[in-house]
Amino acid sequence: MVKELSVGEVAHRSGVAVSTLHFYETKGLIRSHRTAGNQRRYSGDVLRRVAVIRVAQEVGISLADIAAALASLPDGRTPTREDWRMLSQGWATDLDRRIEQLQKLRDGLTGCIGCGCMSLDRCPLHNPDDRLGAEGSGPRRLLVGAARKAASRTKAGAGS
């Protein structure tokens with residue numbers, strides 16, 4: 001017989017607040033059932049689901065993306081080791097893009113960030129005659145460059 005856990009037990013064992021568990025449940029990330037006394041009970045595998053959710057959130061995956069990934073599992077089951085490999089590979093491309101953006105931000109943090117606000121007197125090499133301003137608003141070097149690279153990766157992947 002599988003031991004069922006109360007919300008307090010799940011909170012204690014997972015390191016997640018009871019309110020967070022309730023939130024995850026409202027978002028469809030975890031499930032419970034009610035006892036005759038109307039108390040929540042979780043199956044033991046909810047601990048693995050909560051661990052997957054926490055790890056994914058820690059690396060910056062949105063709850064919407066986590067929910068979609070978990071919903072893609074057959075019968076909404078708890079991820080197995082193979083499922084985790086598949087889910088994490090699916091997130092790797094997005095994480096690689098974010099890492100690249102963060103590295104560009106870090107490397108350019110003390111200089112021009114490509115927004116045009118500092119380019120008029122400080123960035124004649126990167127933005128002569130404020131040409132980035134003609135391309136549109138915002139941090140053009142960071143956002144447009146990243147979008148172009150993502151589009152070229154998508155095209156390269158489609159040709160495979």
# chains A, B, ... in the order shown; residues from 1 in each chain; ligands from 1
call {"tool": "residues_around", "arguments": {"residues": "His33 in chain A", "least_positions_apart": "6", "cutoff": "10 Å", "atoms": "only C-alpha atoms", "output": "JSON, numbers by chain"}}
result
{"A": [4, 39, 40, 41, 42, 43]}
call {"tool": "closest_residue", "arguments": {"among": "A:Ala17, A:Ala36, A:Val55, A:Val46", "to": "Trp91 in chain A", "atoms": "only C-alpha atoms"}}
result
A:Val55
call {"tool": "residues_around", "arguments": {"residues": "Ala69 in chain A", "least_positions_apart": "3", "cutoff": "12 Å", "atoms": "only C-alpha atoms", "output": "PyMOL selection string"}}
result
chain A and resi 28-29+49+52-53+56+61-66+72-74+76-79+83-91
call {"tool": "residues_around", "arguments": {"residues": "Thr20 in chain A", "least_positions_apart": "6", "cutoff": "12 Å", "atoms": "only C-alpha atoms", "output": "PyMOL selection string"}}
result
chain A and resi 7-8+10-11+14+26-27+29-30+50+53-54
call {"tool": "select_by_dssp", "arguments": {"residues": "range 1-119 of chain A", "states": "alpha helix (DSSP H)", "output": "PyMOL selection string"}}
result
chain A and resi 7-14+18-26+46-58+63-71+81-108+119
